[in-house]
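Since the structure comes first, as structure tokens, the remarks are kept for the end.
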Amino acid sequence: MSDVPLLAVENLSVSYPLKRGLFGGALTLAAVRDVSFTIERGRTFGLVGESGSGKSSIGRAILGLTPSSGGRVVFDGTDVSAFGERLPLSFRREVQVIFQDPLSSLNPRQTVGTTIGQAIHRHHDVSHQQCQREIATVLDSVGLAAYQAERYPYELSGGQRQRVAIARALAVRPRLIICDEPVSALDVSTQSQVINLLIDLQHAFGLSYLFIAHNLDVVRHISHSIGVLYLGRLVEAGPADTVYSAPAHPYTQMLLASTLVADPRAQAVRSQARRRQPRSEPPSPLSPPPGCPFNTRCAWAADVCRTQMPTFEAAASQDRHAACHRIDAVASSPRLGGEKVARSAG
Amino acid sequence: MRRLLLTRLLSVVPMLFFVSLFTFLLVRLTATDPVAQILGQSASNEDRAEYAHRLGLDRPLADQFLGWVGSALQGDLGNSLYTNLPVAESISDRFGVTLSLALAGMLFALVVGIPVGIAGALRHGSRWDRLLTIVVSTGLAVPSIWLALLLSLVFAVTLRWFQVIGYTPFAESPLLWAWGLVLPAIALGIHTAAVIARQTRSAMIEVLHARYIQALRARGLPQRRIVLLYATKNALVPVLSVIAIQMSVLVGVSFVIERIFAIPGLGTLLIDSVVRADFPVLQGTVVVVAFVVLVVNLLTDIAYGVINPKVRPQ
Amino acid sequence: MSAGTIADERSDAAVVEPESDVRSHTRLWQRLARRPLSLTCIAYLVLLFVLAIGAPLVAPYDPFHPDIKLRLQGPSAVHWLGTDDLGRDTLSRLIFGARTALLASFQSVSFGAVVGITTGLVVGYLGGWFDRIAMRVADVMQSIPAVLLALALIGVLGKGLGNAMLAVGVIFSVSFMRITRAVVLAEKEQLYVDAARVLGLRTLSIMLRQILPNISPPLIVQASIALGTALLIEAMLSFLGVGIDSTQVSWGAMLETARQFQSQQPLLPIFPGLAITLSVLAFNLLGDSLRDATLPTGATAESSISRRTVAPFAVSPTSVHRPEAPADALLAVSGLTVAAPRPGGGSAELLSDVSFHVMRGETLGLVGESGCGKSMTALAVMGLLPPAVSIAAGSIRLAGTELAGLDDDAMRQVRGRRVGMVFQEPMAALSPVHTVGRQISDAVRAHTGLGRRQALARAAELLALVGVPDPHRRLQDYPHQFSGGMAQRVVIAGALACEPELLIADEPTTALDVTIQAQVLDLLMDLRQRLSMSVLLITHDLGVVADACDRLAVMYGGEVVETGNVEATFSHPRHPYTAALLAAMPRGEGVGSRLATIPGRVPPAWAWPQGCRFHPRCAHAVAACRQEPNILRHGVRCRRADELTLTDAR
């Protein structure tokens, strides 16, 4: 049983119907196309991508908030994608979520205690006193005091609200938490508090995370494995160290070169690499180019890239995969590794 | 743009069909029996059956409806149960009168409402703004029938600047026609003017706080140019949809105003048909008015597309 | 990792963070009671209710009792408000009319609200076929004017007040349904609804316990306004003679009587008309007050900042030690203090003694977390402070010209011509209904005598300069046709219209994607060189500073706490806040390593701590830090700067 990953996403696709014209057929936006990855117990899988990459859609599809249009989501050996949006309560107890905007993700007319209490009541048959004790315990575990159960969301700071959102997820004692950009809306100092808290909770409760973010440095900090998304497709995935220090896919390299680091010398290295990148706008997710979706922005793009979609195969090592026709050409040219940056920073 | 126009134009057709069906079902399914109404309680069963047959009321409902639609498409809306006059003719005689009153009311509402709303927004929070807000709130609360009575009492009965009642057709004298519409249009338009002023004010306040207004100031544009060219156009976007809704309100209320000023519009025809349960007239009037409202909505949509580039299909 | 800045994670949020605002959770009723206007409305409506209920006891006469001898009387001691055509007492009829008016309004509105809100909630939340059918029906009903629909329904159902108000109720149910559906659709997008679904809460429970309480404010407001509308429609229908029967009294019917006899008794229409107007006004104003009172906390800030401005402007600063900017600095801000009136009275300093300078051709990064006063500083330089906010002291010199205290006309010659500005969200900084060509060429024309066509040609040049492909064609495009990165280039083009000496960029890349952010930064740096401008780059992101800036000024709590050369400051931060901020950035350490944190958060402007503003969050604070404020000396605002070694922050 322990061989089975906690969560396996297999060939997942998500598409949204856009408005139907009076004469034309239905227009669909293929937000996620044929994405596969697994999350091990007690581990974090980081998903990185820019807007329009489909990273949030993957999280929402796993949670049953958005119907998938293809593929499977297997949780602990059970295929849950067949249930569609009506996921069984047992799965709801196992998988919880933390969203980006903590103000919008808390009901403004409910106190912190009510918000957490209703989560407990839905999943555990407890008395009122037990529930109050439980609320106090879970608030304590996210670094809030019991009296803050009386507070309304607008009375809290951004960081405190995000702690409440984490507490609500923890309250049902899940095994997997989908973290959808949990720190993007926070200030630097609060961001590091929340990241540390997530790491502590993972150690304390053996949680697994799907950590979705746009900042490669943040994802790298918390993830054991990383997947990089571009226009709805997974272009590279593998152990965090490998992907970060020796990115194989040209897009991962571009992303890393574009990620700013708070160190002038290290940043100088990155910006040099960045200025070597071709300048172009990402294509619209509505009309991705034929072949490799990245070919319009890729320095290595050849004819084959413009016609054929590359397969997702092992690159340089067994556990790291990338989807690139020109992986060997890319590998032989000088490139930027994140580890080098970090070292020169230290 | 052309595609938007075409789509909107085509959408009027099913709407009209549904409006006709809706009115038809309403009238036929829940109505008191028109035959009994006309012939009276004393009529014999044979007479009733014969009369119902003559009116086609004994046919299946679907037949009756399709028959009505068929003749309506040829411009025949049936005959009045009472006067036996063709409904289409009665309506077309009075239609222009109601429409000109409603349009005059809207013109008044726009000319008053938009400047008042802009003035309030530009001095948001000042004493002047508060005064305007009170005036506008009162305008929203005054019943137009009362206003009509007071206006005719002061300006027609006492000062004799206007005729107390009556209507001069446009063909007879355009000047008298316009003059005669002044009091009814004001009585009719005040409420709409208040609604538009309110909407304009809040839209304008929001626009003036928008980041792009700050950006325009940061580029050194003169304040007057920012307000007149940029803020107003942006603020008009939400105001337009209010105008569309208000046009429908104006047509409805004009039926009542017509009665006070004894203007021979659709109002009298309609109210008589309601009182007498004259269903062909009722049905015809509702469908024609709905058609007008739909056309006005269409025009507003087009204006909306002109002002707001986002709704134009790419 | 940092030595002292890491406090215990588990407790810091609870213990160190100051409670946000005082518990401002007052009841709706209390908030309403604070407004005299709402109190008046409530008092009037209560009086109306009492009169309506107690009509037989209160009314001086039987409203139906005719007295032909006393017909069409004016007000007198016997009949306070006069009599009608049959000699019936007007006051008594008004009092009984209130019964009809209120009964009819409440009947129709409660019918409309119950039916409309229920359907709206269901179709809005569930969507799909229900929604399409309901909206189709609503479209059909709304293409028939309300008065006409009411008349048609009465024609079908038969005359009488009950039927009339049922008809009005049906009309209201459509508008309630539309409004409920619209707010439900918006509310459904809120993440707390998703969170509730993830928790497995039942659909009915989500609709009734999560969504309904949050959408009730606009519905209550709507109900209040609908009551007034219902009253107007009842009057109109009774006026037409299709409302009440002979056993009831209606203000509308009284107006119909007045119409017939007003030439004989001109006072006849006055009182029923007044009664209707006042009652409708009361319902409407109550609705407005409810709307204002139920706005979510925080949204009322605009109204709570009064229009008055604080202390008059004074250029002569009185503070002790002021670092002198180099004489050849392009922009020299010195001792800038900006104040705003506080909601409770008095004033709060949003910026205190802010001093920094920007040399020609240089990029200065102004860094800090949200709420530290970076954007306020930019607006002060631009002369674009919000109405209630003003410069209380200090000076802003642009190449020797004093900007503080210039009037708006004089500032207009500076804005756009000598100083350009770029904003955080490019889409918000462009008017959505004007072409970009129009917006850029207007900026050109504001400062040059160019004609429309020449200005457009210049706009195309500017678009080419900032790297927008196919500039001539794109002049005719609207902002929504641009991607975020391209829109920011358009905003930059607008700011460069007159080749300003200084470009202020307020978080220019924050809203953009990582790869696009890099491109826009490169563009800014490239333009700085080509146009030999200076750039004041405002950002919260130390990575942006590291990438693009020559020097930086770190702000905290409305003060500049440290200035210096970027390389030097990053490797040897001298202020504990700078050091802590640097340490808190993740920089690709292995998984699971802890980040340094700063406990607590930035306090709001009206709660700056005594003494050093950073001391409650500072790991190095001593007793003196709690009492006396620091001054900016040798580029750092910390009394312990010389004794601390913060270099090893990571």
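Simple scheme: letters A, B, ... for chains in structure tokens order, numbers from 1 for residues in each chain, numbers from 1 for ligands in the order shown.
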- Residues within 9 Å of segment 294-297 of chain A, only C-alpha atoms, excluding chain neighbours under 2 positions, as a PyMOL selection string: chain A and resi 230-231+250-251+277-283+288-292+299-302+305-306
- Query: Taking only C-alpha atoms into account, which residues of chain B are within 10 Å of chain A, as a list of chain:residue names?
  - Reply: B:Arg3, B:Thr7, B:Leu10, B:Ser11, B:Pro313
Keeping only C-alpha atoms, write the selected residues as a PDB file, in the first residue's frame.
ATOM      1  CA  ARG B   3     -22.054  41.289 -36.344  1.00  0.00           C
ATOM      2  CA  THR B   7     -27.038  39.258 -33.505  1.00  0.00           C
ATOM      3  CA  LEU B  10     -32.143  38.670 -34.659  1.00  0.00           C
ATOM      4  CA  SER B  11     -32.661  38.295 -30.918  1.00  0.00           C
ATOM      5  CA  PRO B 313     -16.942  41.236 -30.987  1.00  0.00           C
TER       6      PRO B 313
END
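The residue set within 8 Å of Ala121 of chain B, counting only C-alpha atoms and dropping same-chain residues fewer than 5 places from it, reads Asp129, Arg201, Ser202, Met204 and Ile205 of chain B.
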Atoms to include: C-alpha atoms. Write the selected residues as a short mmCIF file (atom, residue, chain, number, x, y, z; two decimals), in the first residue's frame.
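Ended up saving to result.cif:
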data_model
loop_
_atom_site.label_atom_id
_atom_site.label_comp_id
_atom_site.auth_asym_id
_atom_site.auth_seq_id
_atom_site.Cartn_x
_atom_site.Cartn_y
_atom_site.Cartn_z
CA ASP B 129 -23.64 68.38 -3.86
CA ARG B 201 -23.30 61.03 -10.15
CA SER B 202 -22.24 57.71 -8.70
CA MET B 204 -18.81 59.81 -12.29
CA ILE B 205 -17.55 59.69 -8.69
#
- Query: Which chain A residues are at most 7 Å from chain C (counting only C-alpha atoms), as a VMD selection string?
  - Reply: chain A and resid 50 to 51 63 89 92 96 to 97 104 to 107 109 119 122 142 to 145 155 to 157 160 187 to 189 192 to 193 196 199 217 to 218 220 to 224 255 258 to 264 267 to 268 342
Show me a table, sorted first by chain and then by increasing residue number, of the residues of chain C having an atom at most 6 Å from chain B, each with its shortest atom pair and the distance in Å to one decimal, counting only C-alpha atoms and written as a tab-separated table.
residue	atom	partner	partner_atom	distance
C:Val140	CA	B:Val19	CA	5.6
C:Ser143	CA	B:Ala290	CA	5.3
C:Ile144	CA	B:Ala290	CA	5.1
C:Pro145	CA	B:Ser248	CA	5.1
C:Val147	CA	B:Gly252	CA	5.0
C:Leu148	CA	B:Gly252	CA	5.6
C:Gly155	CA	B:Val274	CA	4.3
C:Val156	CA	B:Ala31	CA	5.0
C:Gly273	CA	B:Trp146	CA	5.6
C:Thr277	CA	B:Val142	CA	4.8
C:Val280	CA	B:Ala141	CA	5.1
C:Leu281	CA	B:Ala141	CA	5.1
C:Arg412	CA	B:Gly220	CA	4.8
C:Arg415	CA	B:Gly220	CA	4.8
C:Gly416	CA	B:Arg219	CA	3.9
C:Ala428	CA	B:Arg211	CA	5.6
C:Ala429	CA	B:Tyr212	CA	3.9
C:Leu430	CA	B:Tyr212	CA	4.9
C:Ser431	CA	B:Tyr212	CA	5.6
C:Val433	CA	B:Asn308	CA	5.5
C:Ala443	CA	B:Arg219	CA	5.7
C:Ala446	CA	B:Leu221	CA	5.4
- Message: Could you go through segment 49-225 of chain B and tell me which residues DSSP, when run on the backbone, assigns to helix (DSSP H, G or I), listing them as a PyMOL selection string?
- Response: chain B and resi 49-55+61-73+87-122+127-141+144-158+174-208+211-218+223-225
- Item | Interatomic distance, atom CA of Ala119 of chain B to atom CA of Val227 of chain B (Å, one decimal) |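 Computing the Euclidean distance for atom CA of Ala119 of chain B and atom CA of Val227 of chain B yields 10.9 Å.
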- Item | Which of segment 128-185 of chain A DSSP labels strand (DSSP E or B), written as a ChimeraX atom specification | /A:176-180
Dump as a PDB file, in the first residue's frame, selection limited to N, CA and C atoms:
ATOM      1  N   LEU A 176      -3.648  15.727   2.566  1.00  0.00           N
ATOM      2  CA  LEU A 176      -3.073  16.511   1.470  1.00  0.00           C
ATOM      3  C   LEU A 176      -3.701  17.900   1.503  1.00  0.00           C
ATOM      4  N   ILE A 177      -2.870  18.931   1.368  1.00  0.00           N
ATOM      5  CA  ILE A 177      -3.414  20.289   1.258  1.00  0.00           C
ATOM      6  C   ILE A 177      -2.952  20.889  -0.070  1.00  0.00           C
ATOM      7  N   ILE A 178      -3.916  21.374  -0.849  1.00  0.00           N
ATOM      8  CA  ILE A 178      -3.605  22.086  -2.084  1.00  0.00           C
ATOM      9  C   ILE A 178      -3.363  23.540  -1.689  1.00  0.00           C
ATOM     10  N   CYS A 179      -2.145  24.032  -1.873  1.00  0.00           N
ATOM     11  CA  CYS A 179      -1.827  25.421  -1.530  1.00  0.00           C
ATOM     12  C   CYS A 179      -1.769  26.208  -2.833  1.00  0.00           C
ATOM     13  N   ASP A 180      -2.820  27.000  -3.112  1.00  0.00           N
ATOM     14  CA  ASP A 180      -2.892  27.735  -4.374  1.00  0.00           C
ATOM     15  C   ASP A 180      -2.375  29.153  -4.159  1.00  0.00           C
TER      16      ASP A 180
END
- With only C-alpha atoms as the basis for distance, which of A:Gln253, A:Gln162, A:Ser225, A:Arg270 is at the shortest distance from Ile195 of chain A? A:Gln162
- Item | Which of C:Glu501, C:Met359, C:Glu628, C:Glu349 sits closest to Met376 of chain C [using only C-alpha atoms] |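 Once distances to Met376 of chain C are computed over only C-alpha atoms, the minimum belongs to C:Glu349.
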If we count only C-alpha atoms and set the cut-off at 9 Å, which residues sit around Leu266 of chain B, ignoring sequence neighbours fewer than 2 positions away in its own chain? Please answer as a PDB file with N, CA and C atoms, in the first residue's frame.
ATOM      1  N   SER B  90     -56.506  51.134 -34.655  1.00  0.00           N
ATOM      2  CA  SER B  90     -56.625  51.933 -33.440  1.00  0.00           C
ATOM      3  C   SER B  90     -55.245  52.205 -32.858  1.00  0.00           C
ATOM      4  N   ILE B  91     -54.417  51.174 -32.875  1.00  0.00           N
ATOM      5  CA  ILE B  91     -53.087  51.352 -32.288  1.00  0.00           C
ATOM      6  C   ILE B  91     -52.254  52.318 -33.119  1.00  0.00           C
ATOM      7  N   ASP B  93     -53.164  54.697 -34.952  1.00  0.00           N
ATOM      8  CA  ASP B  93     -53.612  56.079 -34.782  1.00  0.00           C
ATOM      9  C   ASP B  93     -52.976  56.735 -33.559  1.00  0.00           C
ATOM     10  N   ARG B  94     -52.793  55.953 -32.517  1.00  0.00           N
ATOM     11  CA  ARG B  94     -52.396  56.527 -31.238  1.00  0.00           C
ATOM     12  C   ARG B  94     -50.924  56.308 -30.896  1.00  0.00           C
ATOM     13  N   PHE B  95     -50.341  55.409 -31.637  1.00  0.00           N
ATOM     14  CA  PHE B  95     -48.978  54.986 -31.329  1.00  0.00           C
ATOM     15  C   PHE B  95     -47.985  56.151 -31.337  1.00  0.00           C
ATOM     16  N   GLY B  96     -48.063  56.957 -32.398  1.00  0.00           N
ATOM     17  CA  GLY B  96     -47.133  58.074 -32.543  1.00  0.00           C
ATOM     18  C   GLY B  96     -47.243  59.062 -31.398  1.00  0.00           C
ATOM     19  N   VAL B  97     -48.475  59.224 -30.902  1.00  0.00           N
ATOM     20  CA  VAL B  97     -48.702  60.176 -29.825  1.00  0.00           C
ATOM     21  C   VAL B  97     -47.960  59.731 -28.564  1.00  0.00           C
ATOM     22  N   THR B  98     -48.150  58.464 -28.191  1.00  0.00           N
ATOM     23  CA  THR B  98     -47.488  57.945 -26.997  1.00  0.00           C
ATOM     24  C   THR B  98     -45.979  57.978 -27.148  1.00  0.00           C
ATOM     25  N   SER B 254     -46.415  57.015 -19.255  1.00  0.00           N
ATOM     26  CA  SER B 254     -47.058  57.973 -20.159  1.00  0.00           C
ATOM     27  C   SER B 254     -48.536  57.632 -20.359  1.00  0.00           C
ATOM     28  N   PHE B 255     -48.901  56.333 -20.207  1.00  0.00           N
ATOM     29  CA  PHE B 255     -50.320  55.971 -20.301  1.00  0.00           C
ATOM     30  C   PHE B 255     -51.146  56.755 -19.290  1.00  0.00           C
ATOM     31  N   GLU B 258     -51.047  60.686 -20.058  1.00  0.00           N
ATOM     32  CA  GLU B 258     -51.951  60.995 -21.171  1.00  0.00           C
ATOM     33  C   GLU B 258     -53.355  61.272 -20.670  1.00  0.00           C
ATOM     34  N   PRO B 264     -54.622  61.859 -26.712  1.00  0.00           N
ATOM     35  CA  PRO B 264     -55.187  60.640 -27.280  1.00  0.00           C
ATOM     36  C   PRO B 264     -54.137  59.606 -27.663  1.00  0.00           C
ATOM     37  N   THR B 268     -55.423  55.566 -23.103  1.00  0.00           N
ATOM     38  CA  THR B 268     -56.875  55.476 -22.993  1.00  0.00           C
ATOM     39  C   THR B 268     -57.377  54.158 -23.579  1.00  0.00           C
ATOM     40  N   LEU B 269     -56.837  53.845 -24.748  1.00  0.00           N
ATOM     41  CA  LEU B 269     -57.214  52.601 -25.420  1.00  0.00           C
ATOM     42  C   LEU B 269     -56.973  51.407 -24.499  1.00  0.00           C
ATOM     43  N   LEU B 270     -55.803  51.416 -23.881  1.00  0.00           N
ATOM     44  CA  LEU B 270     -55.393  50.302 -23.057  1.00  0.00           C
ATOM     45  C   LEU B 270     -56.262  50.204 -21.802  1.00  0.00           C
ATOM     46  N   ILE B 271     -56.427  51.338 -21.115  1.00  0.00           N
ATOM     47  CA  ILE B 271     -57.180  51.309 -19.856  1.00  0.00           C
ATOM     48  C   ILE B 271     -58.624  50.876 -20.126  1.00  0.00           C
ATOM     49  N   THR B 285     -51.959  45.752 -27.912  1.00  0.00           N
ATOM     50  CA  THR B 285     -51.213  46.866 -27.325  1.00  0.00           C
ATOM     51  C   THR B 285     -49.946  46.369 -26.627  1.00  0.00           C
TER      52      THR B 285
END
